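Okay, my_file.txt now, which holds compact mmCIF, C-alpha atoms and all ligand atoms:
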```txt
# COMPACT_ATOMS: atom_id res chain seq x y z
CA MET A 202 57.88 37.12 -13.47
CA ARG A 203 56.55 40.50 -12.27
CA ASN A 204 54.99 42.49 -15.06
CA ILE A 205 53.44 45.92 -15.14
CA ARG A 206 50.38 46.12 -17.35
CA GLN A 207 47.37 48.33 -17.88
CA VAL A 208 43.89 47.13 -16.93
CA SER A 209 40.57 48.64 -17.91
CA GLY A 210 36.82 48.15 -17.69
CA ASP A 211 35.47 45.26 -15.55
CA GLU A 212 38.92 43.67 -15.46
CA ARG A 213 39.75 46.20 -12.76
CA LEU A 214 37.39 44.35 -10.41
CA HIS A 215 39.53 41.22 -10.05
CA THR A 216 42.90 43.00 -10.40
CA ALA A 217 43.48 46.59 -9.14
CA PHE A 218 40.29 46.75 -7.07
CA THR A 219 41.25 43.69 -5.02
CA LEU A 220 43.80 45.91 -3.26
CA TYR A 221 41.58 48.93 -2.57
CA PRO A 222 39.43 47.84 0.41
CA TYR A 223 42.38 46.72 2.53
CA ALA A 224 44.48 49.79 1.68
CA PHE A 225 41.86 52.54 1.88
CA ASP A 226 38.72 51.43 3.73
CA GLU A 227 37.52 50.37 7.09
CA THR A 228 37.86 46.58 6.85
CA PRO A 229 36.63 43.91 6.88
CA SER A 230 33.41 44.95 5.19
CA ALA A 231 30.73 42.55 3.94
CA ASN A 232 29.62 44.99 1.24
CA SER A 233 32.96 45.96 -0.26
CA ALA A 234 32.64 43.82 -3.43
CA GLU A 235 29.25 45.32 -4.18
CA GLU A 236 30.45 48.87 -3.48
CA LEU A 237 33.48 48.42 -5.72
CA ARG A 238 31.35 47.13 -8.59
CA GLY A 239 29.10 50.17 -8.12
CA SER A 240 32.13 52.48 -8.30
CA LEU A 241 33.41 51.07 -11.64
CA PRO A 242 31.90 53.89 -13.77
CA PHE A 243 33.79 56.47 -11.68
CA HIS A 244 37.07 54.87 -12.86
CA GLU A 245 36.05 54.63 -16.51
CA GLY A 246 38.76 56.81 -18.13
CA ASN A 247 41.46 56.23 -15.49
CA HIS A 248 44.79 54.89 -16.64
CA THR A 249 45.09 51.96 -14.21
CA LEU A 250 48.32 49.97 -13.91
CA ILE A 251 49.01 46.80 -11.95
CA VAL A 252 52.05 44.75 -11.00
CA GLU A 253 51.18 41.12 -11.55
CA GLU A 254 52.86 37.86 -10.58
CA ALA A 255 51.46 34.47 -11.62
CA GLY A 256 48.05 36.05 -12.21
CA ARG A 257 47.99 37.74 -8.78
CA THR A 258 47.88 41.53 -8.43
CA LEU A 259 50.66 42.72 -6.12
CA ALA A 260 50.39 46.50 -6.56
CA THR A 261 48.46 49.15 -8.43
CA ALA A 262 48.40 52.85 -9.26
CA ALA A 263 46.17 54.97 -11.47
CA ALA A 264 46.01 58.37 -13.15
CA ILE A 265 42.86 60.40 -13.75
CA PRO A 266 43.04 62.63 -16.86
CA ALA A 267 42.42 66.11 -15.44
CA HIS A 268 43.21 69.75 -16.18
CA GLN A 269 44.91 72.32 -13.98
CA ASN A 270 45.59 76.03 -14.25
CA LEU A 271 49.31 76.79 -14.05
CA ARG A 272 49.84 80.57 -13.83
CA GLY A 273 46.89 81.27 -16.12
CA ASN A 274 47.45 78.45 -18.63
CA VAL A 275 45.05 75.50 -18.63
CA THR A 276 47.29 72.44 -18.73
CA ARG A 277 46.60 68.74 -19.27
CA THR A 278 47.33 67.06 -15.94
CA ALA A 279 47.54 63.56 -14.50
CA ALA A 280 45.82 63.27 -11.10
CA ILE A 281 47.51 60.22 -9.60
CA ALA A 282 45.45 58.15 -7.17
CA TRP A 283 44.75 54.65 -5.94
CA VAL A 284 48.39 53.77 -5.22
CA ALA A 285 48.34 50.54 -3.20
CA THR A 286 50.52 47.49 -2.65
CA HIS A 287 49.43 44.17 -1.16
CA PRO A 288 50.66 44.07 2.49
CA GLY A 289 52.75 40.97 1.74
CA ALA A 290 54.53 42.70 -1.17
CA ARG A 291 55.33 46.08 0.41
CA ARG A 292 58.79 47.67 0.58
CA GLN A 293 59.93 45.86 -2.55
CA GLY A 294 59.83 48.88 -4.83
CA HIS A 295 56.50 48.15 -6.59
CA SER A 296 55.01 51.62 -6.01
CA ARG A 297 58.20 53.28 -7.14
CA ARG A 298 58.21 51.31 -10.42
CA LEU A 299 54.51 52.02 -10.96
CA MET A 300 55.05 55.75 -10.44
CA HIS A 301 57.84 55.80 -13.02
CA GLN A 302 55.68 53.91 -15.50
CA LEU A 303 52.69 56.21 -14.86
CA HIS A 304 54.86 59.29 -15.41
CA SER A 305 56.13 58.11 -18.78
CA ASP A 306 52.67 56.85 -19.87
CA MET A 307 51.12 60.19 -18.94
CA LEU A 308 53.82 62.13 -20.75
CA ASP A 309 53.19 59.99 -23.86
CA ARG A 310 49.52 60.97 -23.59
CA GLY A 311 50.29 64.67 -23.56
CA ARG A 312 49.99 65.36 -19.80
CA SER A 313 52.50 68.03 -18.71
CA LEU A 314 51.69 68.14 -14.99
CA ALA A 315 50.98 65.53 -12.31
CA VAL A 316 49.34 65.96 -8.90
CA LEU A 317 48.62 63.61 -6.00
CA TYR A 318 47.87 63.36 -2.30
CA PRO A 319 50.94 61.81 -0.63
CA PHE A 320 51.03 59.09 2.04
CA HIS A 321 54.68 59.90 2.62
CA PRO A 322 55.77 63.23 1.08
CA SER A 323 59.53 62.66 1.06
CA PHE A 324 59.03 59.63 -1.23
CA TYR A 325 57.17 61.84 -3.71
CA GLU A 326 59.60 64.73 -3.30
CA LYS A 327 62.33 62.42 -4.61
CA LEU A 328 60.01 61.75 -7.55
CA GLY A 329 59.87 65.49 -8.32
CA TYR A 330 56.78 66.60 -6.36
CA ILE A 331 56.39 69.72 -4.21
CA GLY A 332 53.68 70.37 -1.60
CA PHE A 333 51.06 73.11 -2.00
CA PRO A 334 49.56 75.27 0.74
CA LEU A 335 46.59 73.54 2.32
CA ASN A 336 43.13 75.06 2.14
CA ARG A 337 41.72 76.39 5.42
CA ARG A 338 38.79 75.10 7.44
CA VAL A 339 36.71 77.99 8.78
CA GLU A 340 34.11 77.73 11.55
CA PHE A 341 31.82 80.52 12.78
CA PRO A 342 28.29 81.18 14.07
CA PRO A 343 26.25 82.58 11.15
CA GLU A 344 24.87 85.46 13.28
CA GLY A 345 28.44 86.83 13.20
CA LEU A 346 27.76 87.83 9.58
CA ALA A 347 24.34 89.40 10.34
CA SER A 348 25.60 92.96 9.73
CA LEU A 349 26.11 92.05 6.05
CA LEU A 350 22.34 91.74 5.64
CA ASP A 351 21.87 95.52 6.10
CA VAL A 352 23.28 96.24 2.66
CA ALA A 353 21.42 95.57 -0.61
CA LEU A 354 23.91 94.13 -3.08
CA PRO A 355 23.31 94.09 -6.85
CA GLY A 356 22.72 90.38 -7.35
CA GLU A 357 20.90 87.42 -5.84
CA VAL A 358 21.48 83.96 -4.47
CA SER A 359 19.20 81.01 -5.17
CA TRP A 360 19.56 77.39 -4.18
CA GLN A 361 18.55 73.98 -5.45
CA GLY A 362 19.56 70.33 -5.09
CA ILE A 363 22.92 69.39 -6.60
CA ARG A 364 21.17 67.10 -9.12
CA GLU A 365 19.15 69.97 -10.54
CA GLY A 366 22.10 72.37 -10.47
CA PHE A 367 24.83 70.00 -11.63
CA LYS A 368 25.22 71.61 -15.05
CA ILE A 369 25.63 75.11 -13.53
CA TYR A 370 28.07 73.67 -10.98
CA ARG A 371 30.27 72.12 -13.66
CA GLU A 372 30.15 75.15 -15.96
CA PHE A 373 31.27 77.44 -13.15
CA GLN A 374 34.08 75.08 -12.15
CA HIS A 375 35.19 75.02 -15.76
CA ARG A 376 35.26 78.80 -15.80
CA LEU A 377 37.35 78.95 -12.61
CA LEU A 378 39.77 76.50 -14.21
CA SER A 379 40.70 79.18 -16.72
CA GLU A 380 40.85 81.95 -14.09
CA ARG A 381 42.53 80.62 -10.95
CA HIS A 382 46.10 79.42 -10.62
CA GLY A 383 46.15 75.87 -9.23
CA PHE A 384 42.46 75.15 -9.89
CA MET A 385 41.71 71.62 -11.11
CA PHE A 386 38.97 70.19 -13.27
CA THR A 387 38.30 66.46 -13.28
CA PRO A 388 36.48 64.56 -16.04
CA ASP A 389 32.69 64.18 -16.02
CA TYR A 390 32.77 60.44 -15.26
CA ARG A 391 34.43 61.28 -11.95
CA ALA A 392 32.63 64.53 -11.13
CA VAL A 393 29.23 62.77 -11.24
CA ARG A 394 30.11 61.01 -7.98
CA VAL A 395 28.62 64.02 -6.23
CA LEU A 396 25.21 62.98 -7.62
CA GLU A 397 25.42 59.49 -6.11
CA ALA A 398 24.57 60.54 -2.55
CA ALA A 399 23.00 63.83 -3.76
CA ASP A 400 23.21 65.07 -0.17
CA ARG A 401 24.21 68.61 -1.14
CA TRP A 402 22.39 71.85 -1.80
CA LEU A 403 23.84 74.16 -4.38
CA ALA A 404 23.71 77.92 -3.68
CA THR A 405 24.34 80.09 -6.75
CA ALA A 406 25.17 83.82 -6.67
CA VAL A 407 24.10 85.55 -9.90
CA VAL A 408 24.70 89.12 -11.11
CA ASP A 409 23.08 90.32 -14.36
CA GLY A 410 22.38 86.73 -15.38
CA GLU A 411 25.99 85.64 -14.82
CA VAL A 412 27.05 83.16 -12.12
CA VAL A 413 29.68 84.80 -9.88
CA GLY A 414 29.79 82.37 -6.95
CA LEU A 415 28.88 78.83 -5.92
CA LEU A 416 28.63 76.87 -2.73
CA THR A 417 27.68 73.24 -2.18
CA TYR A 418 26.59 72.45 1.36
CA ARG A 419 24.36 70.37 3.60
CA VAL A 420 22.61 71.07 6.89
CA ASP A 421 22.84 68.37 9.56
CA GLY A 422 19.76 69.46 11.51
CA TYR A 423 17.90 72.28 13.25
CA GLY A 424 20.31 74.12 15.54
CA GLY A 425 23.15 72.06 14.09
CA CYS A 426 25.83 72.78 11.52
CA LEU A 427 25.80 73.99 7.93
CA HIS A 428 28.66 72.06 6.33
CA ALA A 429 29.78 73.91 3.23
CA ASP A 430 32.40 72.66 0.79
CA GLU A 431 34.69 75.07 -1.08
CA LEU A 432 33.88 78.80 -1.22
CA LEU A 433 34.06 79.38 -4.99
CA TYR A 434 33.66 82.80 -6.57
CA SER A 435 34.86 84.74 -9.58
CA SER A 436 34.56 88.22 -8.07
CA ALA A 437 34.41 89.92 -4.66
CA LEU A 438 30.69 90.47 -5.28
CA GLY A 439 30.22 86.71 -5.64
CA ARG A 440 31.87 86.16 -2.28
CA ALA A 441 29.86 88.94 -0.58
CA LEU A 442 26.58 87.51 -1.90
CA LEU A 443 27.44 84.02 -0.64
CA LEU A 444 28.41 85.38 2.79
CA GLN A 445 25.06 87.20 2.96
CA PHE A 446 23.38 83.92 2.11
CA LEU A 447 25.20 82.18 4.98
CA ALA A 448 24.16 85.01 7.33
CA GLN A 449 20.54 84.21 6.55
CA HIS A 450 20.95 80.91 8.42
CA ALA A 451 21.41 82.65 11.80
CA TYR A 452 19.46 80.84 14.53
CA GLN A 453 18.57 78.04 12.11
CA VAL A 454 22.02 76.50 12.53
CA SER A 455 24.50 77.30 15.28
CA ARG A 456 27.64 76.85 13.18
CA VAL A 457 28.89 77.14 9.64
CA VAL A 458 31.95 75.16 8.55
CA ILE A 459 33.44 76.03 5.19
CA THR A 460 36.67 75.45 3.22
CA VAL A 461 38.52 78.48 1.88
CA ALA A 462 41.73 79.15 -0.04
CA PRO A 463 45.01 79.62 1.89
CA ASP A 464 44.99 83.38 1.16
CA GLU A 465 41.40 84.02 2.27
CA PHE A 466 41.00 86.07 5.50
CA PRO A 467 37.67 85.26 7.19
CA GLU A 468 38.42 87.66 10.07
CA THR A 469 37.89 90.47 7.55
CA TRP A 470 34.43 89.29 6.42
CA ALA A 471 32.53 91.26 9.13
CA THR A 472 33.29 93.35 12.20
CA SER A 473 33.39 91.28 15.42
CA LEU A 474 32.98 87.95 13.63
CA THR A 475 33.94 85.17 16.02
CA VAL A 476 35.77 82.75 13.77
CA ARG A 477 38.26 79.91 13.88
CA THR A 478 40.44 79.45 10.80
CA GLU A 479 42.65 76.39 10.87
CA THR A 480 44.61 73.88 8.90
CA GLU A 481 46.33 70.71 9.97
CA THR A 482 48.80 68.79 7.90
CA ALA A 483 49.00 65.11 8.80
CA PHE A 484 49.91 61.97 6.86
CA PRO A 485 48.07 60.14 5.52
CA THR A 486 44.87 61.71 6.90
CA SER A 487 45.22 65.40 5.96
CA PRO A 488 47.93 65.76 3.32
CA PRO A 489 48.41 68.87 1.20
CA LEU A 490 48.26 68.28 -2.54
CA MET A 491 51.64 67.81 -4.25
CA GLY A 492 52.41 68.53 -7.90
CA ARG A 493 55.21 68.31 -10.45
CA LEU A 494 56.09 69.15 -14.03
CA LEU A 495 56.15 66.10 -16.29
CA SER A 496 57.21 68.19 -19.26
CA MET A 497 58.84 71.58 -19.73
CA ASP A 498 55.92 72.32 -22.07
CA ALA A 499 53.94 73.22 -18.93
CA LEU A 500 56.04 76.41 -18.68
CA ARG A 501 55.88 77.39 -22.35
CA GLY A 502 53.79 80.51 -22.91
CA VAL A 503 53.36 81.28 -19.20
CA HIS A 504 53.14 85.05 -18.61
CA CYS A 505 56.19 86.31 -16.74
CA GLY A 506 58.51 89.19 -15.95
CA PRO A 507 61.65 89.86 -18.00
CA GLY A 508 64.06 87.12 -16.86
CA ARG A 509 66.44 84.78 -18.65
CA VAL A 510 68.25 81.88 -17.00
CA GLU A 511 69.76 78.53 -17.82
CA ILE A 512 68.72 75.67 -15.58
CA GLU A 513 70.19 72.24 -15.24
CA LEU A 514 67.67 69.68 -13.98
CA VAL A 515 69.17 66.70 -12.16
CA GLU A 516 68.20 63.26 -10.87
CA ASP A 517 64.99 62.87 -12.82
CA GLN A 518 63.78 60.07 -15.07
CA LEU A 519 61.98 62.46 -17.45
CA LEU A 520 63.51 65.92 -17.30
CA THR A 521 67.23 65.58 -16.55
CA GLY A 522 69.01 68.04 -18.88
CA ARG A 523 69.74 71.68 -19.61
CA TYR A 524 67.14 74.27 -20.56
CA LEU A 525 67.11 77.96 -21.27
CA LEU A 526 64.11 79.80 -19.82
CA ASP A 527 63.67 83.06 -21.65
CA GLY A 528 60.98 85.53 -20.62
CA THR A 529 62.29 88.61 -22.38
CA ASP A 530 59.12 88.76 -24.55
CA GLY A 531 56.72 88.61 -21.59
CA THR A 532 55.99 84.89 -21.82
CA ILE A 533 58.32 81.99 -21.10
CA ASP A 534 60.06 80.31 -23.98
CA VAL A 535 61.89 77.04 -23.26
CA ALA A 536 64.90 76.08 -25.35
CA THR A 537 67.40 73.27 -24.93
CA SER A 538 70.38 75.30 -26.06
CA ARG A 539 73.20 76.13 -23.68
CA GLY A 540 73.00 79.84 -23.28
CA ALA A 541 75.57 81.98 -21.57
CA GLY A 542 74.54 83.95 -18.51
CA GLU A 543 72.99 83.05 -15.19
CA LYS A 544 72.71 79.35 -14.35
CA ALA A 545 70.96 77.32 -11.63
CA THR A 546 70.99 73.61 -10.84
CA LEU A 547 67.64 72.27 -9.67
CA THR A 548 65.85 69.07 -8.78
CA VAL A 549 62.46 68.74 -10.44
CA ALA A 550 60.80 69.26 -7.03
CA GLY A 551 62.70 72.57 -6.83
CA LEU A 552 61.62 73.63 -10.31
CA SER A 553 58.04 72.52 -9.60
CA GLY A 554 58.06 74.65 -6.43
CA LEU A 555 59.08 77.68 -8.50
CA ALA A 556 56.62 76.90 -11.30
CA TYR A 557 53.65 76.51 -8.95
CA GLY A 558 54.73 79.67 -7.10
CA VAL A 559 55.11 78.05 -3.68
CA LEU A 560 58.90 78.53 -3.33
CA ASP A 561 61.31 81.43 -3.73
CA PRO A 562 64.73 80.51 -5.21
CA VAL A 563 66.20 80.96 -1.72
CA ASP A 564 63.70 78.40 -0.36
CA VAL A 565 64.82 75.99 -3.09
CA VAL A 566 68.42 76.25 -1.83
CA ALA A 567 67.42 76.11 1.84
CA ARG A 568 65.45 72.92 1.22
CA GLY A 569 68.32 71.19 -0.57
CA MET A 570 66.59 71.23 -3.95
CA GLY A 571 69.33 72.93 -5.91
CA GLU A 572 72.08 75.48 -6.21
CA VAL A 573 70.94 78.94 -7.23
CA PRO A 574 73.58 81.72 -7.34
CA GLU A 575 72.25 85.21 -6.55
CA GLY A 576 72.16 86.32 -10.21
CA ALA A 577 70.14 83.25 -11.24
CA ALA A 578 67.79 83.81 -8.25
CA VAL A 579 67.02 87.32 -9.52
CA GLU A 580 66.17 85.96 -12.98
CA LEU A 581 64.07 83.06 -11.62
CA ARG A 582 62.16 85.44 -9.31
CA ALA A 583 61.28 87.62 -12.31
CA LEU A 584 60.23 84.62 -14.41
CA LEU A 585 58.34 82.70 -11.73
CA PRO A 586 57.35 84.99 -8.83
CA ARG A 587 55.66 83.49 -5.79
CA CYS A 588 51.88 83.09 -6.07
CA THR A 589 49.39 80.97 -4.16
CA PRO A 590 47.88 77.99 -5.99
CA HIS A 591 44.21 77.40 -5.19
CA ALA A 592 43.97 73.63 -5.05
CA PHE A 593 40.20 73.63 -5.53
CA GLY A 594 38.02 71.61 -7.85
CA LYS A 595 39.54 68.28 -6.89
CA GLY A 596 36.29 66.43 -7.71
C1 LIG B 601 52.14 53.27 0.50
C2 LIG B 601 52.30 52.01 -0.30
C3 LIG B 601 51.51 52.15 -1.60
C4 LIG B 601 53.79 51.80 -0.59
O1 LIG B 601 53.93 50.74 -1.52
P1 LIG B 601 55.30 49.92 -1.67
O2 LIG B 601 55.17 49.08 -2.91
O3 LIG B 601 55.61 49.24 -0.41
O4 LIG B 601 56.34 51.10 -1.91
P2 LIG B 601 57.85 50.95 -2.39
O5 LIG B 601 58.43 49.63 -1.94
O6 LIG B 601 57.95 51.28 -3.84
O7 LIG B 601 58.52 52.10 -1.55
C5 LIG B 601 58.42 53.40 -1.97
C6 LIG B 601 59.08 54.30 -0.97
O8 LIG B 601 58.21 54.54 0.10
C7 LIG B 601 58.85 54.16 1.32
N1 LIG B 601 57.82 53.54 2.12
C8 LIG B 601 56.98 52.56 1.74
N2 LIG B 601 56.11 52.28 2.75
C9 LIG B 601 56.47 53.10 3.77
C10 LIG B 601 55.98 53.29 5.08
N3 LIG B 601 54.95 52.57 5.56
N4 LIG B 601 56.55 54.23 5.84
C11 LIG B 601 57.57 54.96 5.39
N5 LIG B 601 58.08 54.81 4.16
C12 LIG B 601 57.54 53.92 3.36
C13 LIG B 601 59.94 53.19 0.92
O9 LIG B 601 60.98 53.25 1.85
C14 LIG B 601 60.36 53.75 -0.39
O10 LIG B 601 61.18 54.89 -0.23
P3 LIG B 601 62.76 54.79 -0.33
O11 LIG B 601 63.05 54.03 -1.56
O12 LIG B 601 63.19 56.20 -0.35
O13 LIG B 601 63.16 54.07 0.89
C15 LIG B 601 51.75 50.78 0.48
O14 LIG B 601 52.37 50.76 1.74
C16 LIG B 601 50.25 50.81 0.67
O15 LIG B 601 49.50 50.21 -0.11
N6 LIG B 601 49.76 51.53 1.73
C17 LIG B 601 48.34 51.71 1.97
C18 LIG B 601 47.68 52.65 0.96
C19 LIG B 601 48.41 53.96 0.76
O16 LIG B 601 48.83 54.60 1.70
N7 LIG B 601 48.55 54.37 -0.50
C20 LIG B 601 49.29 55.57 -0.88
C21 LIG B 601 48.40 56.67 -1.27
S1 LIG B 601 49.40 58.04 -1.88
```
Write-out of the structure in structure tokens:
Amino acid sequence: MRNIRQVSGDERLHTAFTLYPYAFDETPSANSAEELRGSLPFHEGNHTLIVEEAGRTLATAAAIPAHQNLRGNVTRTAAIAWVATHPGARRQGHSRRLMHQLHSDMLDRGRSLAVLYPFHPSFYEKLGYIGFPLNRRVEFPPEGLASLLDVALPGEVSWQGIREGFKIYREFQHRLLSERHGFMFTPDYRAVRVLEAADRWLATAVVDGEVVGLLTYRVDGYGGCLHADELLYSSALGRALLLQFLAQHAYQVSRVVITVAPDEFPETWATSLTVRTETETAFPTSPPLMGRLLSMDALRGVHCGPGRVEIELVEDQLLTGRYLLDGTDGTIDVATSRGAGEKATLTVAGLSGLAYGVLDPVDVVARGMGEVPEGAAVELRALLPRCTPHAFGKG
């Protein structure tokens, strides 16, 4: 008999965790048992499910309770991870069943969105997920920003070890959660992983006592590379201060590598900056984040233009049905009534693409995710215009 059940605490070690090294790590590894035991606290609040047969774990999947900004609203989100099936039990539908169970468990716990990194995007698209734009990797010599040092900006940048600055780091991430569409915030028990290796500096840009930008980074040696993580800022001044800070590393390191949002334009940072901006999508090594609506509540109260449309959602375990999206008051109201007027038929991946702002109604049709007559497209465009999610703060 193959049961799905939840596991927690140390029980994870001899159930779900038995599948992790083979699925995700370089194997075999003599230290994997020890490393997994050490990682237990970082899974503390995860909702971990397993498929079990005669006491043996065949498959597992987990959800991390996170938050994400959807068009300005901070929304309770399930970050799905650690999906793995024993090699001898693959292609028997275990992951599919686990995903369905996770979705309904997360909905029961008040999570309205779900995100994940896909191994195979078309599998998750059928489960309602849509891909986001990938962040960019930017590489440049820091002397290319030297001209920025000629200007005195009102603010300063200081730096410290990530351990000392962890509180500031988390507070700023929490602030960006409420300001940036797509931004994610993971729970403390997971975010503290960054303190384990503590191999990061934290640069903080401050104006009038307020943090306006942050950068975690490490330097791999004299004349080497400054590896920065995500360029995080709350204002253009925050970005300018951090770029000045990077310029100060000219001739200490030969290169800076940094991650930026999809709509950041490094070629505009300074005149004559030699810079390479790139992104590569590959599975499973470099997948873009995917996300979906678990509940229509995620759209309630979202600021919008004046549209009104009836949508019929199809082929979904959770959301199949008819809804009226009404934005005539400036925020979206969701009702189940059958209203007259414009109507569109959508898969949940199609609706999620519109909700996250990554698809236009025409893209939804072109990608086979629904039927949207021209009148309904006009209404949907007013309600859910395109906008770029910043999939930062993954933790
Ligand atoms: C990926 C993995 C979890 C799939 O587990 P599984 O229990 O075999 O999955 P299922 O049997 O439920 O199949 C789910 C779907 O994925 C497809 N699929 C599964 N493995 C696949 C593969 N290697 N290549 C292409 N498609 C695959 C199946 O065809 C099925 O889709 P379909 O019903 O449309 O045909 C498993 O192969 C694994 O543990 N891989 C290593 C770790 C990993 O990649 N985890 C995923 C992180 S998101």
Exercise for review: May I have the residues within 12 Å of Gly239 (chain A) as a ChimeraX atom specification, using all atoms listed in the file and disregarding those fewer than 4 positions away in the same chain?
Suggested key: /A:211,214,218,232-235,243-245,394,397
Point to revise | Distance query 9 Å from (22.2, 89.5, -13.3) using only C-alpha atoms, result as a ChimeraX atom specification | key: /A:355-357,407-412
Show me, as JSON lines, the residues of chain A having an atom within 6 Å of ligand LIG 601 (chain B), each with the closest atom pair and its distance in Å, using only C-alpha atoms and all ligand atoms.
```
{"residue": "A:Ala224", "atom": "CA", "partner": "B:LIG601", "partner_atom": "C17", "distance": 4.3}
{"residue": "A:Phe225", "atom": "CA", "partner": "B:LIG601", "partner_atom": "C18", "distance": 5.9}
{"residue": "A:Val284", "atom": "CA", "partner": "B:LIG601", "partner_atom": "N7", "distance": 4.8}
{"residue": "A:Ala285", "atom": "CA", "partner": "B:LIG601", "partner_atom": "O15", "distance": 3.3}
{"residue": "A:Thr286", "atom": "CA", "partner": "B:LIG601", "partner_atom": "O15", "distance": 3.9}
{"residue": "A:Arg291", "atom": "CA", "partner": "B:LIG601", "partner_atom": "O3", "distance": 3.3}
{"residue": "A:Arg292", "atom": "CA", "partner": "B:LIG601", "partner_atom": "O5", "distance": 3.2}
{"residue": "A:Gln293", "atom": "CA", "partner": "B:LIG601", "partner_atom": "O5", "distance": 4.1}
{"residue": "A:Gly294", "atom": "CA", "partner": "B:LIG601", "partner_atom": "O6", "distance": 3.2}
{"residue": "A:His295", "atom": "CA", "partner": "B:LIG601", "partner_atom": "O2", "distance": 4.0}
{"residue": "A:Ser296", "atom": "CA", "partner": "B:LIG601", "partner_atom": "O6", "distance": 3.7}
{"residue": "A:Arg297", "atom": "CA", "partner": "B:LIG601", "partner_atom": "O6", "distance": 3.9}
{"residue": "A:Tyr318", "atom": "CA", "partner": "B:LIG601", "partner_atom": "S1", "distance": 5.6}
{"residue": "A:Pro319", "atom": "CA", "partner": "B:LIG601", "partner_atom": "S1", "distance": 4.3}
{"residue": "A:Phe320", "atom": "CA", "partner": "B:LIG601", "partner_atom": "S1", "distance": 4.4}
{"residue": "A:Phe324", "atom": "CA", "partner": "B:LIG601", "partner_atom": "O10", "distance": 5.3}
```
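Between Tyr434 (chain A) and the candidates A:Phe593, A:Lys368, A:Thr529, A:Ala353, the tightest atom-to-atom separation, counting only C-alpha atoms, involves A:Phe593.
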**Study point:** Selected residue, from A:Thr472, A:Ser553, A:Thr405, A:Ser496, that lies nearest to Thr278 (chain A) when counting only C-alpha atoms
**Key:**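 Under the stated criterion, the closest residue is A:Ser496.
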Practice item. Figure out the distance between CA of Gly558 (chain A) and CA of Thr589 (chain A), please, to one decimal in Å. Key: 6.2 Å
Check your understanding: Which residue gives the smallest distance to Phe384 (chain A) among A:Ser323, A:Thr460, A:Asn274, A:Gln445, with all atoms listed in the file counted?
Key ->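 Under the stated criterion, the closest residue is A:Asn274.
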Exercise for review: Find, counting only C-alpha atoms, the residue in A:Ser436, A:Gln449, A:Gln518, A:Thr258 that gets nearest to Pro288 (chain A).
Suggested key: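 Among the listed residues, the smallest separation from Pro288 (chain A) belongs to A:Thr258.
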Review point. Which residues, written as a list in words, have at least one atom at most 9 Å from Leu500 (chain A), with only C-alpha atoms counted and residues fewer than 5 positions away on the same chain left out?
Key: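 Returned residues: Leu271, Arg272, Asn274, Leu494, Leu526, Ile533, Asp534, Val535 and Ala556 of chain A.
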Practice item. Rank A:Trp470, A:Phe484, A:Trp360, A:Tyr330 by their smallest atom-to-atom distance to Leu415 (chain A), using all atoms listed in the file, and report the top residue only. Key: A:Trp360
Practice item. Record the distance separating CA of Arg440 (chain A) and CA of Arg376 (chain A), expressed in Å with one decimal. Key: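 Result for CA of Arg440 (chain A) versus CA of Arg376 (chain A): 15.8 Å, one decimal.
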**Study point:** Within 12 Å of file point (74.6, 81.5, -11.9), counting only C-alpha atoms, expressed as an NGL selection string
**Key:** :A and (509-513 or 540-547 or 562 or 571-581)
**Study point:** Selection near Pro507 (chain A), 7 Å with all atoms listed in the file, sequence-local residues under 6 positions removed, as a ChimeraX atom specification
**Key:** /A:528-529,531,583-584
Exercise for review: One decimal, Å: what's the distance from CA of Leu519 (chain A) over to CA of Leu308 (chain A), could you say?
Suggested key: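 About the pair CA of Leu519 (chain A) and CA of Leu308 (chain A): they are 8.8 Å apart.
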Point to revise | Surrounding residues of Thr482 (chain A) excluding itself and chain neighbours under 5 positions, 12 Å, all atoms listed in the file, as a list in words | key: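 The filter keeps Tyr318, Pro319, Phe320, His321, Pro322, Gly332, Phe333, Pro334, Leu335, Asn336, Arg337, Arg338, Ser487, Pro488, Pro489 and Leu490 of chain A.
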Check your understanding: Taking into account all atoms listed in the file, which residue in the set A:Ala264, A:Ala280, A:Leu514, A:Leu525 is nearest to Arg501 (chain A)?
Key -> A:Leu525
